[in-house]
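**Q** Dropping in work_3.txt, with compact mmCIF, C-alpha atoms.
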```txt
# COMPACT_ATOMS: atom_id res chain seq x y z
CA MET A 1 -46.61 20.13 0.43
CA LYS A 2 -42.82 19.73 0.74
CA SER A 3 -42.48 19.73 -3.02
CA LYS A 4 -44.27 23.08 -3.30
CA LEU A 5 -42.07 24.60 -0.60
CA VAL A 6 -38.87 23.47 -2.33
CA LYS A 7 -40.03 24.88 -5.62
CA ALA A 8 -40.80 28.23 -4.00
CA LEU A 9 -37.35 28.41 -2.38
CA ILE A 10 -35.63 27.62 -5.68
CA ALA A 11 -37.62 30.34 -7.45
CA CYS A 12 -36.63 32.90 -4.80
CA LEU A 13 -32.96 31.98 -5.12
CA ILE A 14 -33.08 32.40 -8.92
CA VAL A 15 -34.79 35.80 -8.67
CA GLY A 16 -32.22 36.93 -6.08
CA ALA A 17 -29.29 35.82 -8.21
CA VAL A 18 -30.67 37.61 -11.29
CA ALA A 19 -31.27 40.80 -9.28
CA THR A 20 -27.77 40.75 -7.75
CA GLY A 21 -26.10 40.16 -11.15
CA GLY A 22 -28.15 42.91 -12.73
CA TYR A 23 -27.19 45.35 -9.99
CA TYR A 24 -23.44 44.73 -10.32
CA GLY A 25 -23.67 44.76 -14.08
CA TYR A 26 -25.47 48.08 -13.96
CA LYS A 27 -22.84 49.52 -11.62
CA LYS A 28 -19.97 48.30 -13.77
CA PHE A 29 -21.19 48.96 -17.29
CA ILE A 30 -23.83 51.68 -16.99
CA VAL A 31 -22.91 54.11 -14.22
CA SER A 32 -19.13 53.70 -14.20
CA LYS A 33 -17.40 57.08 -14.44
CA PRO A 34 -15.57 57.87 -17.65
CA SER A 35 -11.83 58.04 -17.32
CA SER A 36 -10.03 61.12 -18.54
CA THR A 37 -7.00 60.92 -20.75
CA ALA A 38 -4.20 63.31 -19.96
CA VAL A 39 -3.32 65.68 -22.77
CA GLN A 40 0.20 65.23 -24.07
CA TYR A 41 2.42 67.96 -25.43
CA MET A 42 5.46 68.41 -27.56
CA THR A 43 7.96 71.15 -26.84
CA VAL A 44 9.37 73.64 -29.34
CA ALA A 45 11.58 76.67 -28.88
CA ALA A 46 11.29 80.19 -30.31
CA ARG A 47 14.22 81.03 -32.57
CA LYS A 48 15.41 83.60 -35.08
CA MET A 49 15.46 83.10 -38.81
CA ASN A 50 15.02 84.82 -42.15
CA MET A 51 11.25 84.96 -42.65
CA GLN A 52 9.44 85.46 -45.90
CA VAL A 53 5.78 86.06 -46.67
CA SER A 54 4.69 85.22 -50.19
CA VAL A 55 1.61 85.02 -52.40
CA GLN A 56 1.35 82.05 -54.71
CA GLY A 57 -0.47 81.62 -57.97
CA THR A 58 -0.45 79.81 -61.28
CA GLY A 59 -0.48 81.05 -64.84
CA SER A 60 0.78 80.38 -68.34
CA ALA A 61 3.56 82.01 -70.32
CA TYR A 62 2.84 84.47 -73.10
CA ALA A 63 4.93 86.81 -75.24
CA SER A 64 4.20 90.45 -74.54
CA VAL A 65 5.80 91.43 -77.87
CA ALA A 66 4.16 89.62 -80.79
CA LYS A 67 3.33 90.63 -84.36
CA ASP A 68 1.02 89.32 -87.07
CA ILE A 69 2.63 90.09 -90.44
CA ILE A 70 0.15 91.24 -93.09
CA PRO A 71 0.83 92.37 -96.71
CA ASN A 72 0.69 96.06 -97.61
CA ASN A 73 -1.38 95.29 -100.71
CA ASN A 74 -3.47 92.57 -102.30
CA GLY A 75 -1.51 90.33 -104.60
CA THR A 76 0.34 87.07 -105.15
CA LEU A 77 2.64 85.70 -102.43
CA LYS A 78 6.26 85.24 -103.49
CA ASP A 79 9.71 84.60 -102.00
CA LEU A 80 8.42 82.99 -98.78
CA SER A 81 11.03 80.52 -97.45
CA LEU A 82 10.40 80.64 -93.69
CA LYS A 83 8.85 77.94 -91.53
CA VAL A 84 7.63 77.72 -87.93
CA GLY A 85 10.52 77.87 -85.47
CA ASP A 86 12.82 79.92 -87.70
CA THR A 87 14.54 82.92 -86.16
CA VAL A 88 14.49 86.33 -87.84
CA LYS A 89 16.02 89.72 -87.10
CA ALA A 90 14.33 93.09 -87.30
CA GLY A 91 14.55 94.36 -90.92
CA ASP A 92 14.89 90.91 -92.54
CA THR A 93 12.84 90.41 -95.72
CA LEU A 94 10.11 87.86 -95.05
CA PHE A 95 8.19 87.63 -98.37
CA SER A 96 6.80 89.77 -101.17
CA CYS A 97 3.25 90.36 -102.36
CA ASP A 98 3.41 90.99 -106.11
CA SER A 99 0.65 93.13 -107.64
CA ASP A 100 0.07 94.11 -111.25
CA ASP A 101 -2.05 97.03 -110.06
CA VAL A 102 0.86 98.48 -108.11
CA ARG A 103 3.20 98.16 -111.09
CA GLN A 104 0.63 99.81 -113.39
CA ASN A 105 0.29 102.73 -110.96
CA VAL A 106 4.02 103.32 -111.30
CA SER A 107 3.76 103.35 -115.09
CA LYS A 108 0.78 105.74 -115.05
CA ALA A 109 2.52 108.15 -112.71
CA GLN A 110 5.66 108.10 -114.88
CA ASN A 111 3.67 108.78 -118.05
CA SER A 112 1.85 111.67 -116.40
CA LEU A 113 5.14 113.24 -115.36
CA ASP A 114 6.62 112.85 -118.84
CA LYS A 115 3.55 114.45 -120.40
CA GLN A 116 3.78 117.51 -118.15
CA LYS A 117 7.43 117.92 -118.96
CA LEU A 118 6.63 117.99 -122.72
CA SER A 119 3.96 120.59 -122.13
CA LEU A 120 6.49 122.75 -120.33
CA ALA A 121 8.73 122.76 -123.39
CA ASN A 122 5.88 124.17 -125.50
CA ALA A 123 4.74 126.81 -122.98
CA LYS A 124 4.39 130.33 -124.51
CA ASN A 125 4.15 132.64 -121.52
CA ASP A 126 5.03 132.87 -117.89
CA ASN A 127 1.53 132.03 -116.59
CA GLU A 128 1.41 128.86 -118.65
CA ILE A 129 4.90 127.89 -117.44
CA ALA A 130 3.91 128.38 -113.79
CA SER A 131 0.78 126.24 -114.22
CA ILE A 132 2.69 123.43 -115.91
CA ASN A 133 5.37 123.49 -113.20
CA LEU A 134 2.66 122.89 -110.58
CA ALA A 135 1.34 119.95 -112.61
CA ILE A 136 4.87 118.54 -112.90
CA SER A 137 5.27 118.77 -109.11
CA ASP A 138 2.01 116.86 -108.57
CA ALA A 139 2.98 114.22 -111.13
CA GLN A 140 6.36 113.76 -109.43
CA SER A 141 4.66 113.25 -106.04
CA GLN A 142 2.34 110.64 -107.53
CA LEU A 143 5.29 108.83 -109.05
CA ASN A 144 7.18 108.85 -105.75
CA TYR A 145 4.15 107.40 -103.97
CA ALA A 146 3.75 104.72 -106.64
CA TYR A 147 7.37 103.68 -106.17
CA GLN A 148 6.88 103.55 -102.37
CA GLN A 149 3.98 101.15 -102.86
CA LEU A 150 6.08 99.09 -105.24
CA ASN A 151 8.87 98.82 -102.67
CA LYS A 152 6.37 97.89 -99.95
CA MET A 153 5.45 94.75 -101.84
CA ALA A 154 8.54 93.30 -100.11
CA ILE A 155 7.62 92.75 -96.43
CA THR A 156 10.31 93.10 -93.72
CA SER A 157 10.16 91.99 -90.10
CA PRO A 158 9.31 94.76 -87.60
CA ILE A 159 10.87 92.79 -84.69
CA GLY A 160 13.42 90.12 -84.04
CA GLY A 161 12.01 86.84 -82.90
CA ILE A 162 10.72 83.39 -83.77
CA ILE A 163 8.18 82.42 -86.42
CA THR A 164 5.19 80.87 -84.67
CA ALA A 165 2.75 80.57 -87.59
CA VAL A 166 2.90 80.37 -91.40
CA ASN A 167 -0.56 80.70 -92.93
CA ASN A 168 0.14 80.73 -96.69
CA SER A 169 2.37 79.32 -99.41
CA ASN A 170 4.02 80.90 -102.45
CA GLY A 171 1.53 81.49 -105.24
CA ASP A 172 -1.42 82.13 -102.93
CA ASN A 173 -3.53 85.19 -103.44
CA VAL A 174 -3.20 87.15 -100.21
CA GLN A 175 -5.06 90.14 -98.89
CA GLN A 176 -4.01 93.25 -97.09
CA SER A 177 -6.17 92.43 -94.04
CA LYS A 178 -5.02 88.84 -93.34
CA ALA A 179 -1.80 87.69 -91.61
CA VAL A 180 0.65 85.58 -93.55
CA LEU A 181 3.10 85.05 -90.65
CA SER A 182 3.18 85.45 -86.87
CA ILE A 183 6.32 86.35 -84.91
CA ILE A 184 7.00 86.56 -81.17
CA ASP A 185 9.93 88.00 -79.26
CA PRO A 186 10.94 85.20 -76.82
CA SER A 187 12.80 87.66 -74.61
CA SER A 188 9.45 89.32 -73.76
CA MET A 189 7.93 86.29 -71.99
CA LYS A 190 5.65 87.06 -69.05
CA ILE A 191 3.22 85.23 -66.77
CA LYS A 192 -0.31 86.36 -65.99
CA VAL A 193 -1.27 85.21 -62.49
CA SER A 194 -4.73 85.35 -60.91
CA VAL A 195 -4.45 86.64 -57.32
CA ASP A 196 -7.26 86.34 -54.78
CA GLU A 197 -8.84 89.58 -53.58
CA LEU A 198 -7.69 88.79 -50.01
CA ASP A 199 -4.06 88.93 -51.14
CA ILE A 200 -4.08 91.60 -53.86
CA ALA A 201 -3.39 94.44 -51.38
CA LYS A 202 -0.05 92.80 -50.57
CA ILE A 203 1.14 92.94 -54.19
CA LYS A 204 3.30 95.91 -55.25
CA LEU A 205 5.03 96.80 -58.51
CA GLY A 206 8.61 95.57 -58.66
CA GLN A 207 8.25 92.82 -56.05
CA LYS A 208 10.50 89.85 -56.77
CA ALA A 209 9.06 86.50 -57.81
CA GLU A 210 10.23 82.92 -58.13
CA ILE A 211 8.86 81.03 -61.13
CA LYS A 212 8.84 77.29 -61.77
CA PHE A 213 7.53 75.62 -64.93
CA ASP A 214 6.03 72.13 -64.96
CA ALA A 215 7.80 71.41 -68.25
CA ILE A 216 11.24 72.64 -67.12
CA LYS A 217 12.58 70.56 -64.25
CA ASP A 218 15.03 71.76 -61.59
CA LYS A 219 15.00 75.35 -62.81
CA VAL A 220 13.81 78.41 -60.87
CA TYR A 221 13.45 81.63 -62.88
CA GLU A 222 13.66 85.10 -61.42
CA GLY A 223 10.84 87.53 -62.07
CA ALA A 224 9.26 90.78 -60.94
CA VAL A 225 5.73 92.19 -60.73
CA ASP A 226 5.20 94.19 -63.92
CA SER A 227 1.56 95.28 -63.67
CA ILE A 228 -1.48 94.87 -61.41
CA ALA A 229 -5.05 94.93 -62.73
CA GLN A 230 -7.32 97.51 -61.14
CA THR A 231 -10.49 95.62 -62.09
CA GLY A 232 -11.21 92.13 -60.80
CA THR A 233 -13.00 89.15 -62.29
CA SER A 234 -15.69 87.39 -60.23
CA THR A 235 -16.49 83.70 -60.60
CA ASN A 236 -18.76 81.85 -58.15
CA ASN A 237 -18.52 84.78 -55.71
CA VAL A 238 -14.71 84.65 -55.77
CA THR A 239 -12.93 87.73 -57.13
CA THR A 240 -9.42 87.58 -58.54
CA TYR A 241 -7.10 90.16 -60.09
CA ASP A 242 -4.62 89.64 -62.92
CA VAL A 243 -1.01 90.27 -61.96
CA VAL A 244 1.60 90.23 -64.74
CA VAL A 245 5.06 88.98 -63.79
CA SER A 246 8.02 89.55 -66.11
CA ILE A 247 10.74 86.89 -66.44
CA LYS A 248 14.46 87.55 -66.30
CA ASP A 249 16.41 85.54 -68.90
CA PRO A 250 13.46 83.40 -70.12
CA ALA A 251 15.59 80.78 -71.90
CA ASN A 252 13.76 77.61 -73.07
CA ILE A 253 10.33 78.98 -72.10
CA LYS A 254 7.63 78.46 -74.70
CA VAL A 255 4.28 80.18 -75.06
CA GLY A 256 1.56 78.41 -73.10
CA MET A 257 3.81 76.65 -70.57
CA ASN A 258 2.17 76.36 -67.14
CA ALA A 259 3.99 78.06 -64.29
CA ASN A 260 3.84 78.21 -60.49
CA VAL A 261 4.63 81.72 -59.30
CA ASN A 262 5.74 82.67 -55.80
CA ILE A 263 5.61 86.46 -55.28
CA LEU A 264 7.78 87.55 -52.35
CA VAL A 265 5.68 90.26 -50.76
CA GLU A 266 7.59 90.72 -47.51
CA ASN A 267 10.91 89.66 -46.04
CA LYS A 268 12.48 90.11 -42.62
CA GLU A 269 15.90 88.95 -41.55
CA ASN A 270 16.65 87.73 -38.04
CA ALA A 271 12.96 87.57 -37.09
CA LEU A 272 11.94 85.81 -33.86
CA VAL A 273 9.47 83.11 -34.91
CA ILE A 274 7.43 80.19 -33.60
CA PRO A 275 5.65 77.40 -35.53
CA ALA A 276 2.10 78.32 -36.51
CA GLU A 277 0.84 75.32 -34.51
CA ALA A 278 2.07 76.89 -31.27
CA LEU A 279 -0.35 79.84 -31.50
CA VAL A 280 -3.51 79.80 -29.34
CA GLU A 281 -6.27 82.30 -30.14
CA MET A 282 -9.21 83.04 -27.85
CA ASN A 283 -11.34 86.06 -27.00
CA GLY A 284 -9.70 87.98 -29.83
CA LYS A 285 -6.26 87.67 -28.26
CA LYS A 286 -3.19 85.60 -29.08
CA PHE A 287 -1.32 83.34 -26.68
CA VAL A 288 1.31 80.63 -26.47
CA MET A 289 1.57 77.93 -23.83
CA VAL A 290 4.77 77.64 -21.82
CA PRO A 291 5.75 74.90 -19.33
CA ASN A 292 4.78 75.50 -15.70
CA SER A 293 7.96 75.77 -13.62
CA ASP A 294 6.17 74.37 -10.54
CA SER A 295 6.24 70.60 -11.08
CA SER A 296 6.09 69.43 -7.42
CA ALA A 297 4.30 66.23 -6.50
CA SER A 298 1.62 68.16 -4.60
CA ASN A 299 0.41 69.68 -7.85
CA THR A 300 0.18 66.43 -9.80
CA ALA A 301 -3.57 66.08 -9.44
CA ASN A 302 -4.23 69.70 -10.42
CA ASN A 303 -1.93 69.34 -13.44
CA SER A 304 -3.82 66.33 -14.74
CA LYS A 305 -7.13 68.12 -14.24
CA ASN A 306 -5.93 71.23 -16.07
CA GLU A 307 -4.58 69.14 -18.96
CA SER A 308 -7.90 67.42 -19.37
CA ASN A 309 -9.79 70.73 -19.22
CA GLN A 310 -7.51 72.31 -21.82
CA GLY A 311 -7.86 69.37 -24.21
CA ASN A 312 -11.65 69.31 -23.80
CA ALA A 313 -11.92 73.07 -24.31
CA ALA A 314 -9.88 72.95 -27.49
CA GLN A 315 -12.02 70.17 -28.93
CA ASN A 316 -15.52 70.80 -27.50
CA GLY A 317 -15.61 74.57 -26.91
CA GLN A 318 -16.31 74.13 -23.18
CA ASN A 319 -15.02 76.44 -20.43
CA SER A 320 -11.55 75.61 -19.22
CA SER A 321 -8.80 77.14 -17.16
CA VAL A 322 -5.08 76.68 -16.97
CA ASN A 323 -3.27 76.43 -13.68
CA ASN A 324 -2.34 80.11 -13.54
CA GLY A 325 -6.01 80.93 -13.03
CA GLN A 326 -6.77 82.32 -16.53
CA SER A 327 -10.11 81.45 -18.08
CA ASN A 328 -11.22 81.47 -21.69
CA GLY A 329 -14.62 82.93 -20.76
CA GLY A 330 -16.65 80.22 -22.43
CA ASN A 331 -14.72 80.19 -25.69
CA SER A 332 -12.65 77.19 -26.68
CA GLN A 333 -8.93 77.52 -27.23
CA ARG A 334 -8.53 77.58 -30.97
CA MET A 335 -5.21 76.37 -32.26
CA ARG A 336 -4.07 77.74 -35.61
CA ASN A 337 -4.77 74.52 -37.47
CA GLY A 338 -8.34 74.42 -36.14
CA GLN A 339 -7.95 71.03 -34.45
CA GLY A 340 -7.30 72.00 -30.88
CA GLY A 341 -3.55 71.71 -30.99
CA ASN A 342 -2.58 69.33 -33.75
CA GLY A 343 1.07 69.91 -34.36
CA ALA A 344 3.82 68.59 -36.51
CA GLY A 345 7.10 67.46 -35.21
CA ARG A 346 9.16 65.33 -32.90
CA MET A 347 7.91 65.25 -29.28
CA ALA A 348 10.75 65.76 -26.82
CA GLY A 349 10.12 63.10 -24.21
CA GLY A 350 6.29 63.27 -24.50
CA PHE A 351 5.84 66.19 -22.11
CA THR A 352 2.80 65.70 -19.88
CA GLY A 353 3.24 68.42 -17.26
CA SER A 354 0.74 71.28 -17.41
CA GLY A 355 1.51 74.70 -18.82
CA LYS A 356 0.23 78.24 -18.68
CA LEU A 357 -0.81 80.74 -21.34
CA ILE A 358 1.07 83.97 -21.94
CA GLU A 359 -0.23 86.72 -24.23
CA ILE A 360 1.87 87.68 -27.24
CA LYS A 361 1.94 90.18 -30.09
CA THR A 362 2.61 88.89 -33.57
CA GLY A 363 4.02 90.34 -36.79
CA LEU A 364 4.58 88.59 -40.13
CA GLU A 365 2.78 85.32 -40.76
CA ASN A 366 3.03 82.64 -43.41
CA GLU A 367 1.81 79.08 -43.73
CA ASN A 368 4.35 77.65 -41.31
CA TYR A 369 5.72 80.38 -39.06
CA ILE A 370 4.58 83.40 -37.06
CA GLU A 371 6.81 86.29 -36.06
CA ILE A 372 6.73 87.23 -32.36
CA LEU A 373 7.02 90.93 -31.48
CA GLU A 374 6.34 90.73 -27.74
CA GLY A 375 5.84 88.08 -25.07
CA VAL A 376 8.41 85.43 -26.03
CA THR A 377 12.20 85.46 -26.00
CA GLU A 378 14.67 83.59 -28.20
CA GLY A 379 15.14 80.00 -27.05
CA GLN A 380 12.07 80.01 -24.78
CA LYS A 381 10.34 76.62 -24.65
CA LEU A 382 6.72 76.41 -25.81
CA LEU A 383 4.12 73.65 -25.61
CA VAL A 384 1.96 72.38 -28.44
CA SER A 385 -0.82 70.00 -27.41
CA LEU A 386 -1.08 66.73 -29.29
CA PRO A 387 -4.33 65.05 -30.35
CA GLN A 388 -5.60 62.75 -27.57
CA SER A 389 -5.73 59.87 -30.02
CA THR A 390 -2.02 60.22 -30.74
CA SER A 391 0.47 58.50 -28.48
CA THR A 392 4.18 59.07 -28.09
CA THR A 393 4.87 55.66 -29.57
CA ASN A 394 3.07 56.10 -32.86
CA MET A 395 3.08 59.85 -33.49
CA ASN A 396 6.00 59.71 -35.89
CA ASN A 397 4.00 57.29 -38.03
CA LYS A 398 1.09 59.71 -38.38
CA ASN A 399 0.87 61.73 -41.57
CA SER A 400 -0.29 64.75 -39.59
CA PHE A 401 3.07 64.83 -37.81
CA GLY A 402 5.32 64.40 -40.80
CA GLY A 403 8.62 66.22 -40.95
CA GLY A 404 9.52 66.88 -37.32
CA PHE A 405 10.32 70.15 -35.62
CA GLY A 406 13.72 69.18 -34.30
CA GLY A 407 13.43 72.41 -32.31
CA PHE A 408 11.80 73.53 -35.59
CA GLY A 409 15.26 74.31 -36.80
CA GLY A 410 14.28 74.04 -40.40
CA ASP A 411 12.52 70.65 -40.36
CA LEU A 412 9.02 72.09 -40.31
CA GLY A 413 8.34 71.57 -43.99
CA GLY A 414 5.03 70.72 -45.52
CA ARG A 415 2.71 71.94 -42.78
CA THR A 416 0.01 74.45 -43.60
CA ARG A 417 -2.42 76.05 -41.20
CA ASN A 418 -5.35 73.93 -42.22
CA GLY A 419 -3.43 70.74 -41.62
CA ASN A 420 -2.76 70.04 -45.30
CA ASN A 421 0.59 69.52 -46.82
CA GLY A 422 2.14 72.58 -48.40
CA ASN A 423 5.42 74.12 -49.40
CA ASN A 424 7.55 75.94 -46.86
CA ASN A 425 8.13 79.46 -48.09
CA ASN A 426 11.01 80.29 -45.77
CA LYS A 427 14.51 80.26 -47.15
CA ASN A 428 15.97 78.99 -43.93
CA GLY A 429 13.10 76.68 -43.17
CA LYS A 430 13.42 74.42 -46.15
```
Is it possible to give me this structure as structure tokens?

**A**
Amino acid sequence: MKSKLVKALIACLIVGAVATGGYYGYKKFIVSKPSSTAVQYMTVAARKMNMQVSVQGTGSAYASVAKDIIPNNNGTLKDLSLKVGDTVKAGDTLFSCDSDDVRQNVSKAQNSLDKQKLSLANAKNDNEIASINLAISDAQSQLNYAYQQLNKMAITSPIGGIITAVNNSNGDNVQQSKAVLSIIDPSSMKIKVSVDELDIAKIKLGQKAEIKFDAIKDKVYEGAVDSIAQTGTSTNNVTTYDVVVSIKDPANIKVGMNANVNILVENKENALVIPAEALVEMNGKKFVMVPNSDSSASNTANNSKNESNQGNAAQNGQNSSVNNGQSNGGNSQRMRNGQGGNGAGRMAGGFTGSGKLIEIKTGLENENYIEILEGVTEGQKLLVSLPQSTSTTNMNNKNSFGGGFGGFGGDLGGRTRNGNNGNNNNKNGK
């Protein structure tokens, strides 16, 4: 009897211990409240600079002035001494195309003229003399034409330039319809660039361009927009338009060289600008975040709550509000790079105080900077939220923060709006 009682007590103790452990485990691991991570910010300042907006494209060099040299008659090729790469001037003799038929035509025309002249000497009346004189005139014209064809057997260059092709050798039978040589004028080099339909409206005749060739290092050529196609070409539902850019002083450029073209479509000096990452768009309006001047201890809890709400709204699209009482009406704050505030730069002290949104009006925009027309003053401090996974200790080691703002005084290179690396198109921002 005692043994059964002891066994029952032991069983109850075991069940109680398991139940107690399960309860505390459930409380600790299952229903524990998630902790919120405060959003961190970096600070930047609005400043003035020379701002440029450009359209980029690629293309290959071609000569706009080029000639295929064909003979004026069928015959035998003679006196050709040129080779590819040789330079010629306009009017230089290139080769001759000798033809027995052409020479015989000269002889026939001469004989006809001589015959008419003999007939004139034997004419007996005025009517006969007048008729023979007309025949002599026709024979003289035929002889002149025959000599012209004889002289045209020697082919001269219509342009100055460089020989790019030699298709025959001396002694070959050549034809009037086939090119023997090809010549280009190297001073007429141009680039044909394909421009996306979204950018073509920005392109105007005469706009300046900067041109770099893969094969020519450390050289930037000047250019200008020479022509703009009015008809586009569609491929995979993408329409592009051909834009021809002329090149000033195209030394060392060869036909077919690949080029990167930067067309400067707009320029504004002394523009007030902010980094593109500082822009917040929601409800069809544009904002920037500025530090909240009220940083008293009594507001600490509200600040942390607002920071968490802002970070969650930017990443999850949930409703949030900043501590000035504004609400995004159910739309998430959308930073320009599409990642809820990813920025590039050096965080000044890892700012963690909350901020407030102020509405702005913008002007020119490029990959890295946005012009401010209203709402921000020169030198005003702005906040850019950092990714929650990024800490102040390792942010400089992240690729997404390469370069550093340094007050974005020119260090903001290589940041594009989609978070990819790109070239900075601002003269003063390089």

**Q** Have a look at A:Val53, A:Leu357, A:Val245, A:Met153 and name the one nearest to A:Val102; count only C-alpha atoms.

**A**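 Between A:Val53, A:Leu357, A:Val245, A:Met153, the residue approaching A:Val102 most closely is A:Met153.
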
**Q** At a cut-off of 7 Å, using only C-alpha atoms, what residues contact stretch 261-277 of chain A? Leave out same-chain residues fewer than 6 positions from it and give the result as JSON, numbers by chain.

**A** {"A": [46, 47, 48, 49, 50, 51, 52, 53, 54, 55, 56, 57, 58, 202, 203, 207, 208, 209, 210, 211, 212, 335, 336, 337, 341, 342, 343, 368, 369, 370, 371, 372, 378, 384, 417]}

**Q** What gap, in Å, lies between atom CA of A:Asp86 and atom CA of A:Asp68?

**A**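 According to the coordinates, atom CA of A:Asp86 and atom CA of A:Asp68 are separated by 15.1 Å.
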
**Q** Give the answer as one residue: which of A:Ser194, A:Asn144, A:Gln230, A:Gln116 has the shortest atom-to-atom distance to A:Ile132, using only C-alpha atoms?

**A**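 Of A:Ser194, A:Asn144, A:Gln230, A:Gln116, the one nearest A:Ile132 is A:Gln116, counting only C-alpha atoms.
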
**Q** Can you work out which one of A:Lys117, A:Lys286, A:Lys361, A:Lys356 has the shortest atom-to-atom distance to A:Leu382, counting all atoms listed in the file?

**A**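 Distance minimum relative to A:Leu382 lands on A:Lys356.
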
**Q** How many Å lie between atom CA of A:Tyr147 and atom CA of A:Asp101, rounded to one decimal?

**A**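 It comes out at 12.2 Å.
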
**Q** Which residues come within 10 Å of A:Ser187, counting all atoms listed in the file, excluding same-chain residues fewer than 2 positions away, as a ChimeraX atom specification?

**A** /A:63-65,160-161,184-185,189-190,246-251,253
